[in-house]
There are 2 protein chains.
Amino acid sequence: MIIRMSTLLARTLRDAPADAVTDSHRLLVRAAHVRRVASGVWSWLPLGKSVLDNVTRIVREEMAAIGDQEVLLPALAPVAAYEASGRADDYGDLLFRLADRRGARFVLGPTHEELFADLARDQLVSGRQLPLGLFQVQTKYRDEARPRSGVLRSREFLMKDAYTFDADEAGLRASYAAHREAYIRVFARLGLAARPVAALSGPMGGSESEEFLAPAAAGEDRYAECGSCGLAANTETVVGEDAGLAEKEAVGERPCPRCGAAALRIGRAIEVGHIFRLGTKYSDLIGLEVAGADGRPVRVQMGCYGIGISRAVAALAEQTCDSAGLCWPDAVAPAAVHLVAAGGGERARAAEELAGRLDRAGVRVLLDDRPGLGTGARLADAELIGVPRIAVVGRRAAEGVAELRDRRTGVSADAAFDALPGLVGAADANTRQSEVG
Amino acid sequence: MIIRMSTLLARTLRDAPADAVTDSHRLLVRAAHVRRVASGVWSWLPLGKSVLDNVTRIVREEMAAIGDQEVLLPALAPVAAYEASGRADDYGDLLFRLADRRGARFVLGPTHEELFADLARDQLVSGRQLPLGLFQVQTKYRDEARPRSGVLRSREFLMKDAYTFDADEAGLRASYAAHREAYIRVFARLGLAARPVAALSGPMGGSESEEFLAPAAAGEDRYAECGSCGLAANTETVVGEDAGLAEKEAVGERPCPRCGAAALRIGRAIEVGHIFRLGTKYSDLIGLEVAGADGRPVRVQMGCYGIGISRAVAALAEQTCDSAGLCWPDAVAPAAVHLVAAGGGERARAAEELAGRLDRAGVRVLLDDRPGLGTGARLADAELIGVPRIAVVGRRAAEGVAELRDRRTGVSADAAFDALPGLVGAADANTRQSEVG
């Protein structure tokens with residue numbers, strides 16, 4: 001595939017939005033990955049949509065690999081279900097609410113525990129169908145009081161939410177563990193550093209939950225980790241939400257609440273996933289039961305598991321960017337190589353020829369074929385957009401040699417056109433192919 | 001891939017919903033493809049989601065093949081844009097409206113002409129970037145007065161909407177023609193009989209439009225075709241919306257309005273696509289211009305092009321079903337073969353072994369491994385679900401021979417296990433592989 005900058009909807013910007021305070025907000029806008037429509041409401045442009053799709057594909061593959069079945073529930077959800085569960089009150093103003101032409105009231109679903117429990121009650125016939133795991137990749141809504149940081153905390157966002165159903169607590173523990181492991185694989189494949197830490201369950205309810213936190217200065221969550229006993233937890237669980245724990249508290253200034261050692265470190269992070277053992281909270285509400293092994297009804301144990309897909313894109317941008325721009329890992333990058341001709345004429349023709357060669361080898365190429373643009377501007381855009389490799393067709397074009405530069409390290413070396421499909425394609429193919437099933 | 005009925009979320013129903021009057025509504029519910037959440041609001045269960053995904057993939061491939069770039073705009077759209085275009089009034093009660101916690105007013109977008117025109121104005125720098133084609137696959141909303149017929153006319157639905165931008169009318173005509181041809185390819189690949197007919201443009205505006213109509217008794221549109229001159233048009237364009245043209249008017253009872261021949265036939269159909277030459281309606285509203293060849297600004301000519309993806313699933317169901325159930329074409333079917341053991345014990349083990357063999361050959365298998373169910377019930381479910389081929393492992397199981405039955409024709413023949421991956425896989429692979437690029 002050759003993506004041509006001459007026609008690509010990707011007008012890069014020199015300046016970031018005045019209200020942007022995080023790197024991902026600044027860079028995703030400047031690199032034409034996203035565009036603001038309203039406060040907390042964003043469009044995904046072709047480059048950003050490509051990254052979003054790549055993240056989605058990896059999440060979907062790992063969910064399927066643990067046997068979860070994909071469904072799609074509506075965003076329009078009857079408000080009655082959320083009133084019955086108490087979440088209408090718990091969420092309060094965070095819920096977008098609307099009424100249809102007949103006055104029937106709906107919310108735009110923030111998550112779907114109630115509707116999934118109802119679906120399971122309708123569909124489950126026997127306990128032999130358990131364990132059951134369902135997931136969807138769906139647009140979700142939260143009317144944030146202060147939407148900010150671009151797609152890091154938006155009001156319309158893409159989420160993967162999964163729900164499990166088990167006949168007993170041991171089953172729930174196994175389902176929870178399977179999803180926890182799948183999440184670790186997802187973030188590893190994405191190239192996103194994210195770790196599970198103990199968390200409060202909040203309005204979702206349930207007995208236990210863990211957040212997957214991606215360390216980043218732009219994060220709105222804080223976590224504590226103890227260098228001695230290994231405790232890792234959202235600071236809310238350690239010291240309470242209002243304790244005003246200093247963000248940059250030095251190691252050891254406060255003793256670890258578990259082991260007492262003076263080795264507690266505080267960090268900021270982005271919540272990219274959250275997994276919950278819900279137990280029977282939602283099953284109790286609607287009487288979700290199946291026939292157990294002895295034929296008697298048993299109350300179904302539920303778990304729920306979310307990944308913020310659009311937020312993961314922002315978290316990846318935060319963790320990998322540098323002063324020159326975005327720096328996508330191979331697994332999610334919109335292309336494997338960004339091809340730049342340093343000059344027109346013969347060099348531009350050589351770049352075209354090389355692009356064709358790479359394309360025929362199955363390599364995804366972003367080709368800067370914009371007319372009348374200087375090499376400096378092209379290279380600046382290439383660094384801003386953050387494709388993992390930049391190939392410059394310059395003074396050795398006539399020899400059939402390009403300069404291949406690693407976007408992240410800046411290390412470059414000359415490479416023959418003949419060798420480039422192999423060099424670029426190998427790294428690209430490894431990350432693109434499904435690593436499961 | 002082996003999909004196991006024992007764990008699949010697919011509780012088939014003997015009875016259709018009392019309010020279901022169309023085949024697709026009855027069968028998609030009975031075959032556990034969709035489930036009602038509220039009036040006109042539906043969930044897609046795993047089998048239905050698979051069909052929906054297959055339709056989406058084909059649409060996406062054909063849009064990419066003509067160079068359209070994929071983006072994703074928000075469903076939450078500021079109402080101001082729709083007020084400026086007049087569509088807020090034109091759509092009236094069809095628009096879902098809501099306000100956020102600060103009172104800012106939004107609609108849930110029914111289509112996105114205004115936001116795409118705004119996006120193009122922001123991104124286009126030069127006329128050399130034209131022609132430009134953009135598309136998205138997105139959940140859309142219409143507060144229908146009478147949502148009915150299941151996913152055929154729902155209030156939350158999946159749509160592909162594309163928008164083109166050209167520097168002049170000749171360019172628009174070319175973009176329109178390219179999309180028209182792409183739509184013909186899409187419907188051919190889906191196995192959906194659908195033809196372009198002249199249509200009224202309605203609130204979308206513009207100078208010319210054609211609908212793609214899929215003939216079906218359950219359709220809410222009527223079209224006229226002349227056996228003499230070839231006229232094909234929505235009856236609205238021929239006789240006006242309120243003329244009460246009889247649905248089953250016999251050929252020749254009314255003269256063709258174009259050629260006068262007594263050869264006009266009236267039919268019912270489902271609108272699965274609609275393409276519009278919008279001209280400058282939306283460009284004029286916001287002053288969408290680019291620098292032309294002579295450097296002077298030219299007003300951009302727009303086209304828009306929709307395919308109702310969830311509706312296409314229902315239309316396919318309508319056109320292909322029979323009295324026993326759904327009957328999916330290969331290109332969209334949730335599996336290539338439905339494997340049924342006629343009995344337990346050795347036959348069930350043979351079916352398992354055959355499923356593994358088919359899976360290793362890359363064939364998508366739906367395996368009925370539900371315990372304690374009679375062969376009659378299994379076969380009835382297989383016919384209801386509508387996978388294109390049913391393989392029955394029965395009395396010749398010990399010889400390694402199954403009965404392979406064509407779901408549509410009912411024709412069956414014995415086939416050796418060895419031969420089945422080839423027999424089933426060839427047809428499946430042909431339709432699954434991308435036919436473009």
# chains A, B, ... in the order shown; residues from 1 in each chain; ligands from 1
$ select_by_dssp --residues "range 19-156 of chain B" --states "alpha helix (DSSP H)" --output "MDAnalysis selection string"
chainID B and resid 23:30 46:65 79:85 87:91 113:123
$ write_last_selection --atoms "N, CA and C atoms" --output "short mmCIF file (atom, residue, chain, number, x, y, z; two decimals), in the first residue's frame"
data_model
loop_
_atom_site.label_atom_id
_atom_site.label_comp_id
_atom_site.auth_asym_id
_atom_site.auth_seq_id
_atom_site.Cartn_x
_atom_site.Cartn_y
_atom_site.Cartn_z
N ASP B 23 -39.90 -11.07 6.71
CA ASP B 23 -39.09 -12.28 6.86
C ASP B 23 -37.78 -12.00 7.58
N SER B 24 -37.12 -10.90 7.21
CA SER B 24 -35.81 -10.63 7.81
C SER B 24 -35.95 -10.39 9.31
N HIS B 25 -36.98 -9.67 9.72
CA HIS B 25 -37.21 -9.42 11.14
C HIS B 25 -37.43 -10.76 11.86
N ARG B 26 -38.35 -11.55 11.33
CA ARG B 26 -38.66 -12.85 11.95
C ARG B 26 -37.42 -13.73 12.04
N LEU B 27 -36.71 -13.85 10.92
CA LEU B 27 -35.63 -14.83 10.85
C LEU B 27 -34.36 -14.37 11.55
N LEU B 28 -34.04 -13.09 11.45
CA LEU B 28 -32.82 -12.62 12.13
C LEU B 28 -32.97 -12.74 13.64
N VAL B 29 -34.20 -12.57 14.14
CA VAL B 29 -34.44 -12.76 15.58
C VAL B 29 -34.43 -14.25 15.91
N ARG B 30 -35.19 -15.04 15.15
CA ARG B 30 -35.27 -16.47 15.46
C ARG B 30 -33.90 -17.14 15.35
N PRO B 46 -23.38 -12.68 18.15
CA PRO B 46 -22.18 -13.09 17.39
C PRO B 46 -22.43 -13.46 15.93
N LEU B 47 -23.48 -14.24 15.63
CA LEU B 47 -23.71 -14.62 14.23
C LEU B 47 -24.04 -13.39 13.38
N GLY B 48 -24.90 -12.53 13.90
CA GLY B 48 -25.26 -11.32 13.16
C GLY B 48 -24.08 -10.38 13.02
N LYS B 49 -23.29 -10.27 14.10
CA LYS B 49 -22.12 -9.39 14.05
C LYS B 49 -21.14 -9.87 12.98
N SER B 50 -21.04 -11.17 12.82
CA SER B 50 -20.15 -11.71 11.80
C SER B 50 -20.63 -11.33 10.40
N VAL B 51 -21.93 -11.44 10.16
CA VAL B 51 -22.47 -11.03 8.85
C VAL B 51 -22.26 -9.53 8.64
N LEU B 52 -22.54 -8.76 9.68
CA LEU B 52 -22.36 -7.30 9.61
C LEU B 52 -20.90 -6.96 9.29
N ASP B 53 -19.97 -7.64 9.93
CA ASP B 53 -18.54 -7.40 9.68
C ASP B 53 -18.16 -7.76 8.25
N ASN B 54 -18.73 -8.85 7.75
CA ASN B 54 -18.40 -9.26 6.38
C ASN B 54 -18.89 -8.23 5.36
N VAL B 55 -20.09 -7.71 5.59
CA VAL B 55 -20.60 -6.67 4.70
C VAL B 55 -19.70 -5.43 4.80
N THR B 56 -19.35 -5.07 6.02
CA THR B 56 -18.52 -3.88 6.23
C THR B 56 -17.17 -4.01 5.52
N ARG B 57 -16.57 -5.19 5.62
CA ARG B 57 -15.26 -5.41 5.01
C ARG B 57 -15.32 -5.20 3.50
N ILE B 58 -16.36 -5.72 2.87
CA ILE B 58 -16.48 -5.58 1.42
C ILE B 58 -16.70 -4.12 1.03
N VAL B 59 -17.54 -3.44 1.77
CA VAL B 59 -17.78 -2.02 1.49
C VAL B 59 -16.47 -1.24 1.62
N ARG B 60 -15.75 -1.51 2.71
CA ARG B 60 -14.50 -0.79 2.98
C ARG B 60 -13.47 -1.04 1.87
N GLU B 61 -13.37 -2.29 1.43
CA GLU B 61 -12.40 -2.61 0.38
C GLU B 61 -12.72 -1.88 -0.92
N GLU B 62 -14.00 -1.81 -1.26
CA GLU B 62 -14.35 -1.17 -2.53
C GLU B 62 -14.20 0.35 -2.44
N MET B 63 -14.41 0.91 -1.27
CA MET B 63 -14.18 2.36 -1.12
C MET B 63 -12.69 2.66 -1.22
N ALA B 64 -11.88 1.85 -0.57
CA ALA B 64 -10.42 2.06 -0.64
C ALA B 64 -9.94 1.88 -2.08
N ALA B 65 -10.57 0.95 -2.81
CA ALA B 65 -10.12 0.66 -4.17
C ALA B 65 -10.29 1.85 -5.11
N VAL B 79 -25.41 21.16 17.05
CA VAL B 79 -26.65 21.41 16.32
C VAL B 79 -26.51 22.62 15.40
N ALA B 80 -25.61 23.53 15.75
CA ALA B 80 -25.47 24.77 14.98
C ALA B 80 -25.19 24.48 13.51
N ALA B 81 -24.38 23.46 13.24
CA ALA B 81 -24.04 23.14 11.85
C ALA B 81 -25.29 22.74 11.07
N TYR B 82 -26.18 22.00 11.73
CA TYR B 82 -27.40 21.53 11.06
C TYR B 82 -28.44 22.64 10.96
N GLU B 83 -28.36 23.60 11.87
CA GLU B 83 -29.25 24.76 11.75
C GLU B 83 -28.81 25.65 10.60
N ALA B 84 -27.50 25.82 10.46
CA ALA B 84 -26.99 26.67 9.38
C ALA B 84 -27.36 26.11 8.01
N SER B 85 -27.38 24.80 7.89
CA SER B 85 -27.67 24.19 6.58
C SER B 85 -29.17 24.06 6.34
N ARG B 87 -30.89 21.77 7.67
CA ARG B 87 -31.30 20.37 7.84
C ARG B 87 -31.93 20.10 9.21
N ALA B 88 -31.62 20.96 10.20
CA ALA B 88 -32.27 20.77 11.51
C ALA B 88 -33.78 20.86 11.34
N ASP B 89 -34.23 21.82 10.52
CA ASP B 89 -35.66 21.94 10.24
C ASP B 89 -36.14 20.85 9.30
N ASP B 90 -35.36 20.59 8.25
CA ASP B 90 -35.78 19.59 7.26
C ASP B 90 -36.00 18.23 7.91
N TYR B 91 -35.10 17.86 8.79
CA TYR B 91 -35.21 16.55 9.44
C TYR B 91 -36.23 16.59 10.58
N GLU B 113 -22.82 15.72 6.09
CA GLU B 113 -22.40 16.66 5.05
C GLU B 113 -21.74 17.91 5.62
N GLU B 114 -22.39 18.50 6.64
CA GLU B 114 -21.90 19.76 7.19
C GLU B 114 -20.50 19.60 7.79
N LEU B 115 -20.32 18.53 8.58
CA LEU B 115 -19.03 18.36 9.24
C LEU B 115 -17.93 17.99 8.25
N PHE B 116 -18.29 17.26 7.20
CA PHE B 116 -17.27 16.93 6.20
C PHE B 116 -16.88 18.16 5.39
N ALA B 117 -17.85 19.01 5.07
CA ALA B 117 -17.51 20.24 4.35
C ALA B 117 -16.57 21.09 5.21
N ASP B 118 -16.86 21.15 6.50
CA ASP B 118 -16.02 21.92 7.42
C ASP B 118 -14.62 21.32 7.50
N LEU B 119 -14.56 19.99 7.54
CA LEU B 119 -13.27 19.31 7.60
C LEU B 119 -12.45 19.61 6.34
N ALA B 120 -13.11 19.56 5.19
CA ALA B 120 -12.40 19.82 3.93
C ALA B 120 -11.90 21.26 3.90
N ARG B 121 -12.71 22.19 4.38
CA ARG B 121 -12.28 23.59 4.38
C ARG B 121 -11.03 23.76 5.24
N ASP B 122 -10.99 23.03 6.33
CA ASP B 122 -9.83 23.13 7.23
C ASP B 122 -8.59 22.50 6.62
N GLN B 123 -8.77 21.41 5.89
CA GLN B 123 -7.61 20.61 5.48
C GLN B 123 -7.11 20.91 4.07
#
$ interface_residues --of "chain B" --to "chain A" --cutoff "8 Å" --atoms "only C-alpha atoms" --output "MDAnalysis selection string"
chainID B and resid 6:11 37:38 41:46 49 69:74 76:78 93 96:101 123:125 129:130 132 143 145 156
$ write_last_selection --atoms "N, CA, C and O atoms" --output "compact mmCIF listing (two decimals), in the first residue's frame"
# COMPACT_ATOMS: atom_id res chain seq x y z
N SER B 6 -22.09 -25.16 21.18
CA SER B 6 -22.29 -25.45 22.61
C SER B 6 -22.02 -24.22 23.47
O SER B 6 -22.59 -24.08 24.55
N THR B 7 -21.15 -23.33 23.00
CA THR B 7 -20.83 -22.15 23.80
C THR B 7 -21.24 -20.86 23.10
O THR B 7 -21.20 -19.79 23.71
N LEU B 8 -21.62 -20.95 21.83
CA LEU B 8 -21.98 -19.74 21.07
C LEU B 8 -23.21 -19.07 21.67
O LEU B 8 -24.18 -19.74 22.02
N LEU B 9 -23.16 -17.75 21.77
CA LEU B 9 -24.33 -17.00 22.24
C LEU B 9 -25.33 -16.93 21.09
O LEU B 9 -25.33 -15.98 20.30
N ALA B 10 -26.16 -17.97 20.98
CA ALA B 10 -27.06 -18.05 19.83
C ALA B 10 -28.23 -18.96 20.17
O ALA B 10 -28.33 -20.08 19.69
N ARG B 11 -29.09 -18.46 21.03
CA ARG B 11 -30.27 -19.25 21.38
C ARG B 11 -31.32 -19.05 20.30
O ARG B 11 -31.96 -18.00 20.23
N VAL B 37 -33.49 -4.26 21.90
CA VAL B 37 -33.22 -3.61 23.18
C VAL B 37 -34.35 -2.63 23.50
O VAL B 37 -34.81 -2.53 24.63
N ALA B 38 -34.76 -1.89 22.50
CA ALA B 38 -35.89 -0.96 22.63
C ALA B 38 -36.46 -0.79 21.23
O ALA B 38 -35.90 -1.31 20.26
N VAL B 41 -34.15 -0.21 18.32
CA VAL B 41 -32.78 -0.23 18.86
C VAL B 41 -32.40 -1.69 19.10
O VAL B 41 -33.07 -2.39 19.86
N TRP B 42 -31.33 -2.14 18.46
CA TRP B 42 -31.00 -3.56 18.40
C TRP B 42 -29.58 -3.86 18.82
O TRP B 42 -28.67 -3.05 18.61
N SER B 43 -29.40 -5.06 19.39
CA SER B 43 -28.07 -5.61 19.61
C SER B 43 -27.76 -6.62 18.51
O SER B 43 -28.66 -7.32 18.05
N TRP B 44 -26.50 -6.69 18.14
CA TRP B 44 -26.03 -7.70 17.19
C TRP B 44 -25.35 -8.80 17.97
O TRP B 44 -24.34 -8.56 18.64
N LEU B 45 -25.88 -10.02 17.87
CA LEU B 45 -25.28 -11.17 18.53
C LEU B 45 -24.17 -11.73 17.64
O LEU B 45 -24.01 -11.30 16.50
N PRO B 46 -23.38 -12.68 18.15
CA PRO B 46 -22.18 -13.09 17.39
C PRO B 46 -22.43 -13.46 15.93
O PRO B 46 -21.67 -13.04 15.05
N LYS B 49 -23.29 -10.27 14.10
CA LYS B 49 -22.12 -9.39 14.05
C LYS B 49 -21.14 -9.87 12.98
O LYS B 49 -20.52 -9.05 12.29
N GLN B 69 -10.39 7.84 1.31
CA GLN B 69 -9.62 7.72 2.55
C GLN B 69 -10.58 7.58 3.73
O GLN B 69 -11.56 8.31 3.83
N GLU B 70 -10.24 6.66 4.64
CA GLU B 70 -11.15 6.42 5.76
C GLU B 70 -10.85 7.34 6.93
O GLU B 70 -9.70 7.50 7.35
N VAL B 71 -11.89 7.92 7.46
CA VAL B 71 -11.82 8.78 8.65
C VAL B 71 -12.92 8.34 9.60
O VAL B 71 -13.68 7.40 9.30
N LEU B 72 -13.01 8.98 10.75
CA LEU B 72 -14.11 8.69 11.67
C LEU B 72 -14.51 9.97 12.37
O LEU B 72 -13.73 10.53 13.14
N LEU B 73 -15.71 10.45 12.06
CA LEU B 73 -16.21 11.66 12.70
C LEU B 73 -17.10 11.28 13.87
O LEU B 73 -17.58 10.15 13.96
N PRO B 74 -17.32 12.21 14.79
CA PRO B 74 -18.13 11.87 15.96
C PRO B 74 -19.62 11.80 15.62
O PRO B 74 -20.10 12.49 14.72
N LEU B 76 -21.76 12.67 17.96
CA LEU B 76 -22.18 13.91 18.61
C LEU B 76 -21.79 15.08 17.73
O LEU B 76 -20.60 15.37 17.57
N ALA B 77 -22.78 15.76 17.16
CA ALA B 77 -22.48 16.86 16.25
C ALA B 77 -23.18 18.13 16.75
O ALA B 77 -24.36 18.08 17.10
N PRO B 78 -22.47 19.25 16.79
CA PRO B 78 -23.08 20.49 17.26
C PRO B 78 -24.30 20.84 16.41
O PRO B 78 -24.23 20.81 15.18
N ASP B 93 -38.31 16.10 13.62
CA ASP B 93 -38.34 15.10 14.69
C ASP B 93 -37.48 13.88 14.40
O ASP B 93 -37.31 13.02 15.27
N PHE B 96 -32.36 13.02 16.69
CA PHE B 96 -32.20 12.92 18.13
C PHE B 96 -31.41 14.15 18.59
O PHE B 96 -30.35 14.44 18.04
N ARG B 97 -31.92 14.85 19.58
CA ARG B 97 -31.25 16.05 20.07
C ARG B 97 -30.93 15.87 21.55
O ARG B 97 -31.67 15.22 22.28
N LEU B 98 -29.85 16.47 21.98
CA LEU B 98 -29.51 16.43 23.40
C LEU B 98 -28.65 17.63 23.75
O LEU B 98 -28.13 18.32 22.86
N ALA B 99 -28.56 17.89 25.04
CA ALA B 99 -27.73 18.99 25.52
C ALA B 99 -26.74 18.43 26.53
O ALA B 99 -27.04 17.47 27.23
N ASP B 100 -25.55 19.03 26.57
CA ASP B 100 -24.58 18.55 27.56
C ASP B 100 -24.80 19.27 28.89
O ASP B 100 -25.74 20.05 29.04
N ARG B 101 -23.93 19.00 29.86
CA ARG B 101 -24.14 19.53 31.21
C ARG B 101 -24.06 21.05 31.25
O ARG B 101 -24.53 21.66 32.21
N GLN B 123 -8.77 21.41 5.89
CA GLN B 123 -7.61 20.61 5.48
C GLN B 123 -7.11 20.91 4.07
O GLN B 123 -5.94 20.71 3.79
N LEU B 124 -8.00 21.36 3.19
CA LEU B 124 -7.58 21.54 1.81
C LEU B 124 -6.75 22.81 1.66
O LEU B 124 -7.16 23.88 2.10
N VAL B 125 -5.61 22.68 1.04
CA VAL B 125 -4.74 23.82 0.84
C VAL B 125 -4.78 24.25 -0.62
O VAL B 125 -4.83 25.43 -0.94
N GLN B 129 -5.02 19.04 -4.59
CA GLN B 129 -5.38 17.90 -3.74
C GLN B 129 -6.69 17.24 -4.20
O GLN B 129 -7.07 16.20 -3.69
N LEU B 130 -7.37 17.89 -5.14
CA LEU B 130 -8.64 17.36 -5.63
C LEU B 130 -8.40 16.49 -6.86
O LEU B 130 -7.43 16.72 -7.58
N LEU B 132 -10.89 14.68 -4.04
CA LEU B 132 -10.70 14.07 -2.73
C LEU B 132 -11.95 13.27 -2.38
O LEU B 132 -13.06 13.76 -2.53
N ASP B 143 -34.52 9.28 14.57
CA ASP B 143 -35.65 8.98 15.46
C ASP B 143 -36.89 8.74 14.61
O ASP B 143 -37.79 9.59 14.53
N ALA B 145 -40.41 7.74 13.15
CA ALA B 145 -41.74 7.78 13.75
C ALA B 145 -42.25 6.36 14.00
O ALA B 145 -42.86 6.08 15.02
N GLU B 156 -30.96 3.31 15.47
CA GLU B 156 -29.49 3.34 15.54
C GLU B 156 -29.01 2.31 14.55
O GLU B 156 -29.40 1.14 14.64
$ select_by_dssp --residues "range 379-430 of chain A" --states "strand (DSSP E)" --output "JSON, numbers by chain"
{"A": [389, 390, 391, 392, 393, 401, 402, 403, 404, 405, 406, 412, 413, 414, 415, 416]}
$ residues_around --residues "range 251-267 of chain B" --least-positions-apart "2" --cutoff "6 Å" --atoms "only C-alpha atoms" --output "VMD selection string"
chain B and resid 222 to 227
$ residues_around --residues "range 168-178 of chain B" --least-positions-apart "4" --cutoff "9 Å" --atoms "only C-alpha atoms" --output "NGL selection string"
:B and (66 or 130-133 or 164 or 182-183 or 275-279 or 298-305)
$ residues_around --residues "range 321-333 of chain B" --least-positions-apart "4" --cutoff "7 Å" --atoms "only C-alpha atoms" --output "list in words"
Leu27, Val51, Asn54, Val55, Arg189, Leu190, Gly191, Ala317, Glu383, Leu384, Ile385, Gly386, Val387, Pro388, Arg407, Arg408, Asp428, Thr431 and Arg432 of chain B
$ write_last_selection --atoms "N, CA, C and O atoms" --output "tab-separated table (two decimals), in the first residue's frame"
chain	number	residue	atom	x	y	z
B	27	LEU	N	-36.71	-13.85	10.92
B	27	LEU	CA	-35.63	-14.83	10.85
B	27	LEU	C	-34.36	-14.37	11.55
B	27	LEU	O	-33.66	-15.17	12.17
B	51	VAL	N	-21.93	-11.44	10.16
B	51	VAL	CA	-22.47	-11.03	8.85
B	51	VAL	C	-22.26	-9.53	8.64
B	51	VAL	O	-21.81	-9.08	7.58
B	54	ASN	N	-18.73	-8.85	7.75
B	54	ASN	CA	-18.40	-9.26	6.38
B	54	ASN	C	-18.89	-8.23	5.36
B	54	ASN	O	-18.21	-7.92	4.39
B	55	VAL	N	-20.09	-7.71	5.59
B	55	VAL	CA	-20.60	-6.67	4.70
B	55	VAL	C	-19.70	-5.43	4.80
B	55	VAL	O	-19.30	-4.84	3.78
B	189	ARG	N	-20.66	-8.22	-5.09
B	189	ARG	CA	-19.85	-9.07	-4.20
B	189	ARG	C	-20.68	-9.59	-3.03
B	189	ARG	O	-20.47	-10.70	-2.55
B	190	LEU	N	-21.58	-8.76	-2.52
B	190	LEU	CA	-22.42	-9.18	-1.40
B	190	LEU	C	-23.39	-10.28	-1.80
B	190	LEU	O	-23.89	-11.02	-0.94
B	191	GLY	N	-23.68	-10.36	-3.10
B	191	GLY	CA	-24.73	-11.28	-3.53
B	191	GLY	C	-26.10	-10.66	-3.38
B	191	GLY	O	-27.11	-11.37	-3.29
B	317	ALA	N	-31.06	-10.80	3.81
B	317	ALA	CA	-31.90	-11.83	4.42
B	317	ALA	C	-33.22	-11.93	3.67
B	317	ALA	O	-33.70	-13.03	3.36
B	383	GLU	N	-30.68	-25.06	9.12
B	383	GLU	CA	-31.42	-24.42	8.02
B	383	GLU	C	-31.84	-23.01	8.42
B	383	GLU	O	-31.87	-22.10	7.60
B	384	LEU	N	-32.16	-22.82	9.69
B	384	LEU	CA	-32.58	-21.50	10.17
B	384	LEU	C	-31.43	-20.49	10.10
B	384	LEU	O	-31.60	-19.35	9.67
B	385	ILE	N	-30.24	-20.93	10.51
B	385	ILE	CA	-29.09	-20.02	10.59
B	385	ILE	C	-28.55	-19.68	9.21
B	385	ILE	O	-28.06	-18.58	8.98
B	386	GLY	N	-28.64	-20.63	8.27
B	386	GLY	CA	-28.40	-20.28	6.89
B	386	GLY	C	-26.97	-20.24	6.41
B	386	GLY	O	-26.66	-19.53	5.44
B	387	VAL	N	-26.08	-20.98	7.06
B	387	VAL	CA	-24.73	-21.14	6.51
B	387	VAL	C	-24.87	-21.85	5.16
B	387	VAL	O	-25.71	-22.74	5.02
B	388	PRO	N	-24.08	-21.48	4.14
B	388	PRO	CA	-24.35	-21.95	2.77
B	388	PRO	C	-24.30	-23.46	2.56
B	388	PRO	O	-24.92	-23.97	1.62
B	407	ARG	N	-27.35	-25.39	1.12
B	407	ARG	CA	-28.47	-24.84	1.87
B	407	ARG	C	-29.53	-24.23	0.96
B	407	ARG	O	-30.73	-24.34	1.23
B	408	ARG	N	-29.09	-23.60	-0.13
B	408	ARG	CA	-30.03	-22.87	-0.98
B	408	ARG	C	-30.84	-23.82	-1.87
B	408	ARG	O	-32.06	-23.77	-1.91
B	428	ASP	N	-15.31	-20.94	-0.45
B	428	ASP	CA	-15.17	-19.99	0.64
B	428	ASP	C	-14.04	-19.01	0.36
B	428	ASP	O	-14.20	-17.80	0.47
B	431	THR	N	-14.59	-16.11	-2.13
B	431	THR	CA	-15.39	-14.97	-1.75
B	431	THR	C	-14.75	-14.20	-0.61
B	431	THR	O	-15.04	-13.04	-0.41
B	432	ARG	N	-13.90	-14.87	0.17
B	432	ARG	CA	-13.33	-14.20	1.33
B	432	ARG	C	-12.16	-13.31	0.95
B	432	ARG	O	-11.90	-12.32	1.59
$ closest_residue --among "B:Arg396, B:Arg296, B:Val363, B:Thr409" --to "Leu423 in chain B" --atoms "only C-alpha atoms"
B:Val363
